[in-house]
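A.B. asks: This is target35.txt (compact mmCIF, C-alpha atoms).
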```
# COMPACT_ATOMS: atom_id res chain seq x y z
CA MET R 113 -29.21 -117.46 58.13
CA GLN R 114 -26.55 -118.90 55.91
CA THR R 115 -29.21 -120.78 53.93
CA ALA R 116 -31.23 -117.59 53.44
CA ALA R 117 -28.16 -115.91 51.98
CA ALA R 118 -27.49 -118.98 49.83
CA ILE R 119 -31.07 -118.97 48.50
CA GLU R 120 -30.81 -115.26 47.74
CA ALA R 121 -27.56 -115.87 45.83
CA VAL R 122 -29.17 -118.72 43.87
CA PHE R 123 -32.16 -116.48 43.15
CA ARG R 124 -29.98 -113.72 41.76
CA ARG R 125 -27.85 -116.10 39.71
CA GLU R 126 -30.45 -118.56 38.43
CA ARG R 127 -33.80 -116.72 38.32
CA ALA R 128 -33.67 -115.78 34.64
CA ARG R 129 -32.45 -119.23 33.55
CA VAL R 130 -35.02 -121.08 35.60
CA LEU R 131 -37.74 -118.81 34.22
CA ALA R 132 -36.51 -119.22 30.63
CA THR R 133 -36.58 -123.03 30.92
CA THR R 134 -39.99 -123.00 32.59
CA ILE R 135 -41.43 -120.84 29.80
CA ARG R 136 -40.22 -123.49 27.33
CA ILE R 137 -41.80 -126.25 29.40
CA THR R 138 -45.11 -124.36 29.56
CA HIS R 139 -45.02 -123.86 25.79
CA GLY R 140 -44.54 -120.11 25.95
CA ASP R 141 -47.06 -119.30 28.69
CA PHE R 142 -45.17 -116.45 30.38
CA ASP R 143 -47.68 -115.84 33.18
CA LEU R 144 -47.95 -119.46 34.16
CA ALA R 145 -44.15 -119.81 34.14
CA GLU R 146 -43.61 -116.68 36.24
CA GLU R 147 -46.06 -117.93 38.85
CA ALA R 148 -44.53 -121.41 38.89
CA VAL R 149 -41.00 -120.02 39.31
CA GLN R 150 -42.15 -117.82 42.16
CA ASP R 151 -43.71 -120.89 43.81
CA ALA R 152 -40.50 -122.85 43.27
CA PHE R 153 -38.43 -120.21 45.06
CA ALA R 154 -41.02 -120.09 47.84
CA ALA R 155 -40.66 -123.88 48.15
CA ALA R 156 -36.87 -123.47 48.34
CA ILE R 157 -37.21 -120.99 51.20
CA ALA R 158 -39.48 -123.45 53.00
CA ARG R 159 -37.47 -126.61 52.39
CA TRP R 160 -33.78 -125.86 51.94
CA PRO R 161 -33.11 -124.74 55.53
CA GLY R 162 -34.29 -128.17 56.74
CA GLU R 163 -33.30 -130.44 53.84
CA GLY R 164 -30.13 -128.61 52.84
CA THR R 165 -29.37 -126.89 49.54
CA PRO R 166 -29.58 -129.40 46.64
CA ASP R 167 -26.44 -130.19 44.62
CA GLU R 168 -28.08 -128.88 41.47
CA PRO R 169 -30.21 -125.97 42.64
CA ARG R 170 -31.27 -124.98 39.10
CA GLY R 171 -32.44 -128.51 38.25
CA TRP R 172 -34.29 -128.67 41.57
CA LEU R 173 -35.98 -125.32 40.97
CA VAL R 174 -36.94 -126.14 37.38
CA ALA R 175 -38.38 -129.50 38.45
CA VAL R 176 -40.43 -127.88 41.21
CA ALA R 177 -41.55 -125.06 38.86
CA ARG R 178 -42.55 -127.61 36.23
CA ASN R 179 -44.58 -129.59 38.73
CA LYS R 180 -46.24 -126.40 39.97
CA ALA R 181 -47.05 -125.51 36.36
CA VAL R 182 -48.48 -128.99 35.70
CA ASP R 183 -50.64 -128.64 38.83
CA ALA R 184 -51.86 -125.24 37.67
CA ILE R 185 -52.60 -126.59 34.20
CA ARG R 186 -54.48 -129.53 35.62
CA ARG R 187 -56.60 -127.02 37.44
CA ARG R 188 -57.23 -125.30 34.15
CA VAL R 189 -58.87 -128.31 32.57
CA LYS R 190 -58.95 -127.06 29.01
CA LEU R 191 -55.17 -126.58 28.96
CA ARG R 192 -54.47 -130.02 30.37
CA ASP R 193 -52.98 -131.36 27.15
CA ILE R 194 -50.28 -128.68 26.93
CA VAL R 195 -48.04 -130.32 29.49
CA ALA R 196 -48.70 -134.00 29.92
CA GLY R 197 -46.91 -136.34 32.23
CA GLU R 198 -46.26 -137.44 35.75
CA PRO R 199 -44.55 -135.23 38.35
CA VAL R 200 -40.76 -135.16 38.22
CA THR R 201 -39.52 -136.31 41.61
CA ASP R 202 -35.97 -137.59 41.09
CA ALA R 203 -32.65 -135.95 40.27
CA ALA R 204 -32.40 -137.68 36.86
CA GLY R 205 -35.75 -136.27 35.82
CA ALA R 206 -34.69 -132.83 36.98
CA ALA R 207 -31.41 -133.08 35.09
CA GLU R 208 -33.27 -134.01 31.91
CA LEU R 209 -35.41 -130.89 32.16
CA VAL R 210 -32.39 -128.58 32.14
CA ALA R 211 -30.27 -130.60 29.71
CA VAL R 212 -30.78 -128.26 26.76
CA PRO R 213 -28.83 -125.24 25.58
CA ASP R 214 -29.47 -122.17 27.70
CA ASP R 215 -33.17 -121.30 27.47
CA ARG R 216 -32.41 -117.63 28.17
CA LEU R 217 -31.47 -117.38 24.51
CA ARG R 218 -35.00 -118.36 23.39
CA LEU R 219 -36.33 -115.92 25.95
CA ILE R 220 -34.29 -113.01 24.59
CA TYR R 221 -35.35 -113.63 21.00
CA THR R 222 -39.00 -114.01 21.97
CA CYS R 223 -39.02 -110.84 24.11
CA CYS R 224 -37.37 -108.90 21.26
CA HIS R 225 -39.56 -110.36 18.50
CA PRO R 226 -40.20 -107.75 15.80
CA ALA R 227 -43.95 -108.47 16.01
CA LEU R 228 -43.91 -106.73 19.41
CA ALA R 229 -43.79 -102.95 19.73
CA THR R 230 -40.40 -101.61 20.79
CA GLU R 231 -41.69 -100.40 24.19
CA ALA R 232 -43.15 -103.84 24.79
CA GLN R 233 -39.84 -105.51 23.83
CA ILE R 234 -37.96 -103.33 26.30
CA ALA R 235 -40.46 -103.83 29.12
CA LEU R 236 -40.65 -107.59 28.61
CA THR R 237 -36.86 -107.94 28.45
CA LEU R 238 -36.40 -105.97 31.68
CA ARG R 239 -39.18 -107.96 33.37
CA THR R 240 -38.20 -111.49 32.39
CA LEU R 241 -34.43 -111.34 31.87
CA GLY R 242 -33.64 -108.39 34.11
CA GLY R 243 -35.98 -109.56 36.87
CA LEU R 244 -37.21 -105.98 37.44
CA THR R 245 -40.66 -105.65 38.96
CA THR R 246 -43.45 -103.95 37.03
CA ASP R 247 -43.17 -100.98 39.42
CA GLU R 248 -39.43 -100.69 38.81
CA ILE R 249 -39.88 -100.74 35.03
CA ALA R 250 -42.68 -98.18 35.31
CA ARG R 251 -40.37 -95.96 37.39
CA ALA R 252 -37.53 -96.42 34.91
CA PHE R 253 -39.72 -95.22 32.06
CA LEU R 254 -41.65 -92.68 34.16
CA THR R 255 -45.01 -94.16 33.46
CA SER R 256 -47.61 -95.43 35.90
CA PRO R 257 -47.42 -99.03 37.15
CA VAL R 258 -50.93 -99.58 35.74
CA THR R 259 -49.85 -98.52 32.23
CA MET R 260 -46.73 -100.67 32.45
CA ALA R 261 -48.71 -103.66 33.73
CA GLN R 262 -51.12 -103.30 30.80
CA ARG R 263 -48.23 -103.08 28.35
CA LEU R 264 -46.73 -106.29 29.77
CA VAL R 265 -50.08 -108.10 29.76
CA ARG R 266 -50.70 -107.09 26.13
CA ALA R 267 -47.22 -108.23 25.10
CA LYS R 268 -47.59 -111.57 26.82
CA SER R 269 -51.02 -112.22 25.34
CA LYS R 270 -49.77 -111.30 21.88
CA ILE R 271 -46.99 -113.89 22.27
CA ARG R 272 -49.60 -116.49 23.18
CA ASP R 273 -52.44 -115.53 20.80
CA ALA R 274 -50.41 -114.65 17.71
CA GLY R 275 -48.22 -117.74 18.10
CA ILE R 276 -44.87 -115.95 18.46
CA PRO R 277 -42.53 -118.93 18.73
CA TYR R 278 -40.39 -119.58 21.81
CA GLU R 279 -37.37 -120.46 19.73
CA VAL R 280 -33.98 -119.28 18.63
CA PRO R 281 -34.64 -118.07 15.06
CA GLU R 282 -33.38 -120.08 12.10
CA ALA R 283 -29.92 -119.26 10.77
CA SER R 284 -31.15 -117.16 7.83
CA GLN R 285 -32.96 -114.78 10.19
CA LEU R 286 -30.39 -114.83 12.96
CA PRO R 287 -28.33 -111.74 12.03
CA GLU R 288 -31.45 -109.57 11.71
CA ARG R 289 -33.03 -110.88 14.89
CA THR R 290 -29.82 -110.57 16.90
CA GLY R 291 -29.66 -107.00 15.60
CA ALA R 292 -33.14 -106.41 17.04
CA VAL R 293 -32.06 -107.82 20.41
CA MET R 294 -29.02 -105.55 20.47
CA ALA R 295 -31.18 -102.58 19.50
CA VAL R 296 -33.32 -103.19 22.58
CA VAL R 297 -30.26 -103.49 24.82
CA TYR R 298 -28.81 -100.30 23.37
CA LEU R 299 -32.12 -98.43 23.74
CA ILE R 300 -32.12 -99.35 27.43
CA PHE R 301 -28.54 -98.11 27.71
CA ASN R 302 -29.31 -94.91 25.81
CA GLU R 303 -32.23 -94.10 28.08
CA GLY R 304 -29.79 -94.44 30.97
CA TYR R 305 -26.98 -92.53 29.24
CA ALA R 306 -29.11 -89.48 28.44
CA ALA R 307 -32.50 -89.84 30.10
CA THR R 308 -35.32 -88.32 28.05
CA ALA R 309 -37.37 -87.61 31.18
CA GLY R 310 -36.91 -87.21 34.91
CA ASP R 311 -34.57 -85.16 37.10
CA ALA R 312 -31.37 -87.11 36.54
CA TRP R 313 -29.50 -86.73 33.29
CA ILE R 314 -27.82 -90.10 33.67
CA ARG R 315 -29.80 -93.11 34.86
CA ARG R 316 -27.12 -95.44 36.18
CA ASP R 317 -29.50 -98.27 37.01
CA LEU R 318 -30.56 -98.54 33.38
CA CYS R 319 -26.96 -98.34 32.12
CA ARG R 320 -25.98 -101.11 34.50
CA GLU R 321 -28.91 -103.30 33.45
CA ALA R 322 -28.16 -102.76 29.75
CA ILE R 323 -24.52 -103.73 30.22
CA ARG R 324 -25.57 -106.83 32.14
CA LEU R 325 -28.03 -107.81 29.38
CA GLY R 326 -25.46 -107.02 26.70
CA ARG R 327 -22.93 -109.30 28.37
CA LEU R 328 -25.54 -112.04 28.51
CA VAL R 329 -26.33 -111.69 24.79
CA ALA R 330 -22.61 -111.63 23.94
CA GLU R 331 -21.97 -114.68 26.09
CA LEU R 332 -24.90 -116.69 24.72
CA THR R 333 -24.64 -115.81 21.03
CA GLY R 334 -20.88 -115.33 20.78
CA ASP R 335 -21.79 -112.69 18.20
CA PRO R 336 -18.88 -110.29 17.58
CA GLU R 337 -21.37 -107.44 17.13
CA ALA R 338 -22.76 -108.11 20.60
CA ARG R 339 -19.25 -108.04 22.08
CA GLY R 340 -18.63 -104.79 20.26
CA LEU R 341 -21.83 -103.39 21.73
CA VAL R 342 -20.73 -104.33 25.26
CA ALA R 343 -17.37 -102.62 24.63
CA LEU R 344 -19.14 -99.53 23.32
CA MET R 345 -21.45 -99.34 26.35
CA LEU R 346 -18.56 -99.84 28.78
CA LEU R 347 -16.60 -97.14 27.04
CA HIS R 348 -19.42 -94.60 27.41
CA ASP R 349 -20.17 -95.78 30.92
CA ALA R 350 -16.54 -95.31 31.99
CA ARG R 351 -17.02 -91.57 31.60
CA ARG R 352 -20.22 -91.44 33.66
CA ASP R 353 -18.62 -89.65 36.62
CA ALA R 354 -16.93 -87.08 34.40
CA ARG R 355 -20.05 -86.09 32.46
CA THR R 356 -21.61 -84.11 35.30
CA ASP R 357 -20.16 -81.79 37.93
CA ALA R 358 -20.86 -81.94 41.67
CA ARG R 359 -24.29 -80.37 41.11
CA TRP R 360 -25.24 -82.90 38.41
CA SER R 361 -24.94 -80.34 35.62
CA PRO R 362 -23.58 -81.62 32.31
CA MET R 363 -19.85 -80.94 31.95
CA PRO R 364 -18.18 -80.59 28.55
CA CYS R 365 -15.56 -83.19 27.72
CA ALA R 366 -12.69 -80.67 27.56
CA VAL R 367 -13.32 -79.44 31.14
CA GLY R 368 -13.81 -82.80 32.81
CA PRO R 369 -11.02 -83.97 35.09
CA ALA R 370 -9.08 -86.69 33.37
CA ARG R 371 -8.79 -88.73 36.54
CA THR R 372 -12.54 -89.07 37.00
CA ALA R 373 -12.96 -89.88 33.35
CA CYS R 374 -10.33 -92.57 33.47
CA ARG R 375 -11.84 -94.82 36.06
CA PRO R 376 -12.96 -98.03 34.43
CA ARG R 377 -15.98 -99.68 36.04
CA SER R 378 -14.05 -102.79 36.87
CA ARG R 379 -11.34 -105.05 35.58
CA ARG R 380 -14.08 -106.98 33.83
CA SER R 381 -14.70 -103.93 31.70
CA THR R 382 -12.20 -105.01 29.14
CA PRO R 383 -13.22 -107.70 26.66
CA ARG R 384 -10.82 -110.61 26.87
CA ARG R 385 -11.90 -112.62 23.85
CA PRO R 386 -10.05 -112.80 20.53
CA ALA R 387 -10.55 -110.10 17.95
CA PRO R 388 -14.24 -109.75 17.16
CA ARG R 389 -14.92 -110.54 13.54
CA THR R 390 -18.17 -110.67 11.66
CA PRO R 391 -19.20 -114.05 10.25
CA THR R 392 -17.85 -113.00 6.87
CA GLY R 393 -14.47 -112.27 8.41
CA GLY R 394 -14.79 -108.51 8.28
CA ARG R 395 -14.25 -106.17 11.15
CA SER R 396 -17.30 -105.72 13.32
CA PRO R 397 -18.75 -102.22 12.85
CA ARG R 398 -19.52 -101.86 16.55
CA CYS R 399 -16.02 -103.04 17.37
CA SER R 400 -14.64 -100.29 15.16
CA THR R 401 -16.98 -97.72 16.71
CA SER R 402 -16.01 -98.71 20.18
CA SER R 403 -12.30 -98.26 19.48
CA PRO R 404 -12.02 -94.52 19.12
CA GLY R 405 -9.16 -92.88 17.34
CA GLY R 406 -7.74 -90.62 20.00
CA SER R 407 -9.87 -89.09 22.68
CA ARG R 408 -7.28 -88.28 25.32
CA ARG R 409 -9.80 -88.28 28.11
CA ARG R 410 -10.82 -91.89 27.90
CA SER R 411 -9.63 -94.77 29.94
CA SER R 412 -6.43 -96.35 28.75
CA ARG R 413 -7.28 -99.55 30.52
CA SER R 414 -10.68 -99.92 28.93
CA ILE R 415 -9.72 -98.68 25.48
CA ALA R 416 -6.26 -100.00 24.78
CA PRO R 417 -7.23 -103.66 24.58
CA SER R 418 -10.15 -103.08 22.23
CA ARG R 419 -7.93 -100.88 20.08
CA SER R 420 -5.31 -103.52 19.72
CA ARG R 421 -8.01 -106.03 18.90
CA CYS R 422 -9.08 -103.92 16.02
CA GLY R 423 -5.62 -104.02 14.60
CA ARG R 424 -4.05 -100.91 16.11
CA ALA R 425 -1.15 -100.79 18.47
CA PRO R 426 -2.20 -100.33 22.07
CA ARG R 427 -1.20 -96.89 23.27
CA PRO R 428 -2.15 -95.29 26.55
CA ALA R 429 -4.88 -92.79 25.77
CA CYS R 430 -4.50 -90.87 29.01
CA ARG R 431 -2.05 -90.61 31.84
CA MET Q 12 -52.58 -122.36 14.11
CA GLN Q 13 -54.57 -120.63 11.42
CA TYR Q 14 -53.76 -117.16 10.18
CA LEU Q 15 -55.60 -114.83 7.85
CA LEU Q 16 -53.23 -112.95 5.56
CA LEU Q 17 -54.95 -109.74 4.47
CA ILE Q 18 -53.53 -108.18 1.35
CA TYR Q 19 -53.57 -104.39 1.24
CA GLU Q 20 -52.41 -102.45 -1.78
CA SER Q 21 -53.13 -99.29 -3.67
CA GLU Q 22 -55.87 -99.79 -6.25
CA LYS Q 23 -54.59 -96.70 -8.05
CA ASN Q 24 -51.21 -98.37 -8.60
CA TRP Q 25 -52.94 -101.46 -9.89
CA ASP Q 26 -55.08 -99.39 -12.30
CA ALA Q 27 -51.99 -97.56 -13.56
CA MET Q 28 -50.16 -100.78 -14.47
CA SER Q 29 -49.78 -101.98 -18.03
CA GLU Q 30 -51.48 -105.20 -19.15
CA ALA Q 31 -48.08 -106.94 -19.28
CA GLU Q 32 -47.22 -105.94 -15.71
CA ARG Q 33 -50.57 -107.16 -14.43
CA ASN Q 34 -50.17 -110.47 -16.23
CA LYS Q 35 -46.75 -110.94 -14.67
CA ILE Q 36 -48.10 -110.39 -11.16
CA PHE Q 37 -51.08 -112.63 -11.91
CA THR Q 38 -48.70 -115.43 -12.92
CA GLU Q 39 -46.70 -114.89 -9.72
CA TYR Q 40 -49.91 -115.23 -7.70
CA MET Q 41 -50.78 -118.48 -9.50
CA THR Q 42 -47.35 -119.90 -8.72
CA PHE Q 43 -47.47 -118.79 -5.09
CA THR Q 44 -50.98 -120.21 -4.58
CA ASN Q 45 -49.95 -123.54 -6.09
CA ASP Q 46 -46.82 -123.63 -3.93
CA ILE Q 47 -48.68 -123.18 -0.64
CA LYS Q 48 -51.34 -125.62 -1.79
CA THR Q 49 -48.65 -128.25 -2.41
CA SER Q 50 -46.92 -127.52 0.91
CA GLY Q 51 -50.23 -127.97 2.74
CA HIS Q 52 -50.44 -124.44 4.14
CA LEU Q 53 -53.39 -123.19 2.06
CA ARG Q 54 -56.86 -123.35 3.58
CA ALA Q 55 -58.60 -120.73 1.45
CA GLY Q 56 -57.89 -117.63 -0.55
CA ASP Q 57 -59.60 -115.14 -2.82
CA ALA Q 58 -59.06 -111.90 -4.65
CA LEU Q 59 -61.66 -109.18 -4.11
CA GLN Q 60 -63.28 -106.88 -6.62
CA PRO Q 61 -62.06 -103.29 -6.18
CA THR Q 62 -63.52 -101.04 -3.46
CA ARG Q 63 -65.67 -99.19 -6.04
CA THR Q 64 -67.86 -102.30 -6.00
CA ALA Q 65 -68.10 -102.29 -2.20
CA THR Q 66 -71.19 -101.57 -0.15
CA THR Q 67 -71.21 -100.78 3.56
CA VAL Q 68 -74.03 -101.81 5.87
CA ARG Q 69 -74.62 -100.48 9.38
CA VAL Q 70 -77.44 -100.91 11.84
CA ARG Q 71 -78.04 -97.95 14.15
CA ASP Q 72 -80.95 -97.78 16.58
CA GLY Q 73 -82.32 -100.93 15.00
CA LYS Q 74 -82.37 -99.37 11.54
CA ALA Q 75 -80.19 -100.69 8.74
CA SER Q 76 -78.50 -98.25 6.40
CA THR Q 77 -76.72 -99.15 3.21
CA THR Q 78 -74.11 -96.85 1.68
CA ASP Q 79 -71.78 -96.90 -1.27
CA GLY Q 80 -68.15 -97.83 -0.87
CA PRO Q 81 -65.89 -98.31 2.14
CA PHE Q 82 -66.27 -95.94 5.07
CA ALA Q 83 -62.95 -94.10 4.88
CA GLU Q 84 -60.54 -93.21 2.11
CA THR Q 85 -57.26 -94.98 2.84
CA ARG Q 86 -54.00 -95.16 0.96
CA GLU Q 87 -54.18 -98.93 0.64
CA GLN Q 88 -57.26 -101.07 0.21
CA LEU Q 89 -58.05 -104.67 1.08
CA GLY Q 90 -57.58 -106.55 -2.19
CA GLY Q 91 -57.69 -110.18 -1.17
CA TYR Q 92 -56.79 -112.74 1.47
CA TYR Q 93 -55.32 -116.13 2.16
CA LEU Q 94 -56.33 -118.36 5.05
CA ILE Q 95 -53.34 -120.51 5.95
CA GLU Q 96 -52.27 -123.13 8.47
CA ALA Q 97 -48.86 -122.40 10.00
CA LYS Q 98 -46.78 -123.70 12.91
CA ASP Q 99 -46.31 -120.27 14.44
CA LEU Q 100 -46.15 -116.55 13.64
CA ASP Q 101 -42.67 -116.85 12.14
CA GLU Q 102 -43.85 -119.41 9.59
CA ALA Q 103 -46.92 -117.29 8.85
CA THR Q 104 -44.85 -114.15 8.26
CA ARG Q 105 -42.43 -116.05 6.03
CA ILE Q 106 -45.37 -117.15 3.87
CA ALA Q 107 -46.83 -113.62 3.94
CA ALA Q 108 -43.53 -112.24 2.66
CA ARG Q 109 -43.85 -114.46 -0.42
CA ILE Q 110 -47.18 -112.93 -1.49
CA PRO Q 111 -46.41 -110.87 -4.62
CA SER Q 112 -48.28 -107.80 -3.28
CA ALA Q 113 -45.98 -107.69 -0.24
CA ARG Q 114 -43.49 -105.95 -2.56
CA TYR Q 115 -45.96 -103.14 -3.44
CA GLY Q 116 -48.46 -103.03 -0.60
CA SER Q 117 -48.58 -104.68 2.82
CA ILE Q 118 -49.84 -107.91 4.34
CA GLU Q 119 -51.60 -107.96 7.69
CA VAL Q 120 -51.15 -111.24 9.51
CA ARG Q 121 -53.99 -112.05 11.91
CA PRO Q 122 -54.28 -115.22 13.98
CA ILE Q 123 -57.70 -116.83 13.83
CA MET Q 124 -59.42 -116.86 17.19
CA THR Q 125 -60.43 -120.29 18.41
CA PHE Q 126 -63.24 -120.88 20.84
CA SER Q 127 -63.01 -123.97 22.95
```
Please, can you express the file's structure as structure tokens?

C.D. replies:
Amino acid sequence: MQTAAAIEAVFRRERARVLATTIRITHGDFDLAEEAVQDAFAAAIARWPGEGTPDEPRGWLVAVARNKAVDAIRRRVKLRDIVAGEPVTDAAGAAELVAVPDDRLRLIYTCCHPALATEAQIALTLRTLGGLTTDEIARAFLTSPVTMAQRLVRAKSKIRDAGIPYEVPEASQLPERTGAVMAVVYLIFNEGYAATAGDAWIRRDLCREAIRLGRLVAELTGDPEARGLVALMLLHDARRDARTDARWSPMPCAVGPARTACRPRSRRSTPRRPAPRTPTGGRSPRCSTSSPGGSRRRSSRSIAPSRSRCGRAPRPACR
Amino acid sequence: MQYLLLIYESEKNWDAMSEAERNKIFTEYMTFTNDIKTSGHLRAGDALQPTRTATTVRVRDGKASTTDGPFAETREQLGGYYLIEAKDLDEATRIAARIPSARYGSIEVRPIMTFS
């Protein structure tokens, strides 16, 4: 039982990274990589209880996924030359496969490539990085699973057929492309913050997913704008319980009980890094936006630090 | 990979330009074409006569019909193309952005389908 829990934990922690690396290894074939990663986790469930959990679970999973992909490619004769080579069987070979900067970064930029329609960018990001199933994404956007599946298939075949690269963009394009990634994350958050369809006004699952993705982008790029975006989302999300009354009706800010409004999501809510600055040394616009001037109903714990980081004295915003 | 860069622009704009403006754009096209020839990206490329010279052919129920001009009136018309070799879509779009008409009209980037 302990192993099952351990595998589940590894799955939650490593799934996106293993997938991102496998997509690189399969030269951007999303479908093949997804299948191979699924097979790798199935192999883990079959083998780890008997053999024990490997020291480097991610390396193990990537190696197995790669071998599964190679097998699948060998079956597809015409694609044989995409991935050449013998199976990876030892730990050194597995280590070599994962010894590159985090592949999730390539994955984010590819999913949010401007050559894909915005809806496709969102769906693909939630599917590959968020690990949501097609049904879950369809539910989140209140469309049928069939429509969502088609959207994902079209997006993946455009990546393959149009030659959208599986790469972190070159420096000259980076600010614009990172902006596109953040736009997708913020669109996901916005849909959760004020749902355009459905019964619930606030879709917490989407807000949570957007914050998780935002943190990932901030962590991987180190971009001050991305950190500002995370702060902004956390700030809005801190008020989630105060925005509706007991019957889920919207509640104006002035009426909302300060105590409900002032509950930060967690201690992790507050950014702990040094003052976000843009590459040119200016103050990040999102950082400025996310440090409001004086709304008394917002969390002192979540606001004060970001305020001070933008050059103002920390002052409790509510008591 | 090979990509076809389709150049769409308004023929009306082109007709309204002065001789000097047209010459300037023509020179820019010459420079651009030479540049992508030197860099090894160019496979082919041509400018097309305006749509008033176009003829449309259709076969319906086994019978061919020939009509004047393009089927529909659109704001921008196909004015020319380049066939290029590029590493991926990003390289192709970077090259497309250098086509002089990209500043007035638009460039459609289409990967060439390969049959194997």

A.B. asks: In Å to one decimal, how far is CA of His139 in chain R from CA of Glu248 in chain R?

C.D. replies: 27.2 Å

A.B. asks: Quick one: everything within 8 Å of Pro122 in chain Q, counting all atoms listed in the file, minus sequence neighbours fewer than 3 positions away in the same chain. Send it as a list in words.

C.D. replies: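 My reading of the contact set: Asp273, Ala274 and Gly275 of chain R; Met12, Gln13, Tyr14 and Leu15 of chain Q.
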
A.B. asks: Could those residues be written to a file, using C-alpha atoms, as an mmCIF file, in the frame of the given file?

C.D. replies:
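Result file follows (selection.cif):
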```cif
data_model
loop_
_atom_site.group_PDB
_atom_site.id
_atom_site.type_symbol
_atom_site.label_atom_id
_atom_site.label_comp_id
_atom_site.auth_asym_id
_atom_site.auth_seq_id
_atom_site.Cartn_x
_atom_site.Cartn_y
_atom_site.Cartn_z
ATOM 1 C CA ASP R 273 -52.440 -115.530 20.800
ATOM 2 C CA ALA R 274 -50.410 -114.650 17.710
ATOM 3 C CA GLY R 275 -48.220 -117.740 18.100
ATOM 4 C CA MET Q 12 -52.580 -122.360 14.110
ATOM 5 C CA GLN Q 13 -54.570 -120.630 11.420
ATOM 6 C CA TYR Q 14 -53.760 -117.160 10.180
ATOM 7 C CA LEU Q 15 -55.600 -114.830 7.850
#
```

A.B. asks: So that I can see what lies close to His225 in chain R, please list as a ChimeraX atom specification the residues with an atom at most 12 Å from it, counting only C-alpha atoms and leaving out residues fewer than 6 positions away in the same chain.

C.D. replies: /R:218-219,231-234,236-237,267-268,270-271,274-281,285-286,288-296 /Q:100-101

A.B. asks: Name the residues in contact with Val342 in chain R at a cut-off of 8 Å, using all atoms listed in the file, excluding same-chain residues fewer than 3 positions from it; report them as number ranges by chain.

C.D. replies: R: 323, 326-327, 330, 338-339, 345-346

A.B. asks: Nearest residue to chain R out of Q:Lys35, Q:Arg121, Q:Lys74, Q:Arg105, using all atoms listed in the file?

C.D. replies: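 Counting all atoms listed in the file, the residue closest to chain R is Q:Arg121.
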
A.B. asks: Would you work out the distance separating CA of Ser269 in chain R from CA of Ile185 in chain R, expressed in Å to one decimal?

C.D. replies: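 Taking CA of Ser269 in chain R as the start and CA of Ile185 in chain R as the end point, the length is 17.0 Å.
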
A.B. asks: Report, in Å to a single decimal, how far apart CA of Pro287 in chain R and CA of Leu344 in chain R are.

C.D. replies: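 CA of Pro287 in chain R lies 19.0 Å from CA of Leu344 in chain R.
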
A.B. asks: Residues near Glu119 in chain Q, anyone? I mean within 12 Å using all atoms listed in the file, not counting same-chain ones fewer than 6 positions away, as a VMD selection string.

C.D. replies: (chain R and resid 227) or (chain Q and resid 14 to 20 87 to 94 100 103 to 104 106 to 108 110 112 to 113)

A.B. asks: Could you write out that same residue set with C-alpha atoms as a PDB file, keeping the file's coordinate frame?

C.D. replies:
```
ATOM      1  CA  ALA R 227     -43.950-108.470  16.010  1.00  0.00           C
TER       2      ALA R 227
ATOM      3  CA  TYR Q  14     -53.760-117.160  10.180  1.00  0.00           C
ATOM      4  CA  LEU Q  15     -55.600-114.830   7.850  1.00  0.00           C
ATOM      5  CA  LEU Q  16     -53.230-112.950   5.560  1.00  0.00           C
ATOM      6  CA  LEU Q  17     -54.950-109.740   4.470  1.00  0.00           C
ATOM      7  CA  ILE Q  18     -53.530-108.180   1.350  1.00  0.00           C
ATOM      8  CA  TYR Q  19     -53.570-104.390   1.240  1.00  0.00           C
ATOM      9  CA  GLU Q  20     -52.410-102.450  -1.780  1.00  0.00           C
ATOM     10  CA  GLU Q  87     -54.180 -98.930   0.640  1.00  0.00           C
ATOM     11  CA  GLN Q  88     -57.260-101.070   0.210  1.00  0.00           C
ATOM     12  CA  LEU Q  89     -58.050-104.670   1.080  1.00  0.00           C
ATOM     13  CA  GLY Q  90     -57.580-106.550  -2.190  1.00  0.00           C
ATOM     14  CA  GLY Q  91     -57.690-110.180  -1.170  1.00  0.00           C
ATOM     15  CA  TYR Q  92     -56.790-112.740   1.470  1.00  0.00           C
ATOM     16  CA  TYR Q  93     -55.320-116.130   2.160  1.00  0.00           C
ATOM     17  CA  LEU Q  94     -56.330-118.360   5.050  1.00  0.00           C
ATOM     18  CA  LEU Q 100     -46.150-116.550  13.640  1.00  0.00           C
ATOM     19  CA  ALA Q 103     -46.920-117.290   8.850  1.00  0.00           C
ATOM     20  CA  THR Q 104     -44.850-114.150   8.260  1.00  0.00           C
ATOM     21  CA  ILE Q 106     -45.370-117.150   3.870  1.00  0.00           C
ATOM     22  CA  ALA Q 107     -46.830-113.620   3.940  1.00  0.00           C
ATOM     23  CA  ALA Q 108     -43.530-112.240   2.660  1.00  0.00           C
ATOM     24  CA  ILE Q 110     -47.180-112.930  -1.490  1.00  0.00           C
ATOM     25  CA  SER Q 112     -48.280-107.800  -3.280  1.00  0.00           C
ATOM     26  CA  ALA Q 113     -45.980-107.690  -0.240  1.00  0.00           C
TER      27      ALA Q 113
END
```

A.B. asks: Would you please work out which residue, of R:Arg272, R:Asp247, R:Gln262, R:Ala155, is nearest to chain Q when using only C-alpha atoms?

C.D. replies: R:Arg272
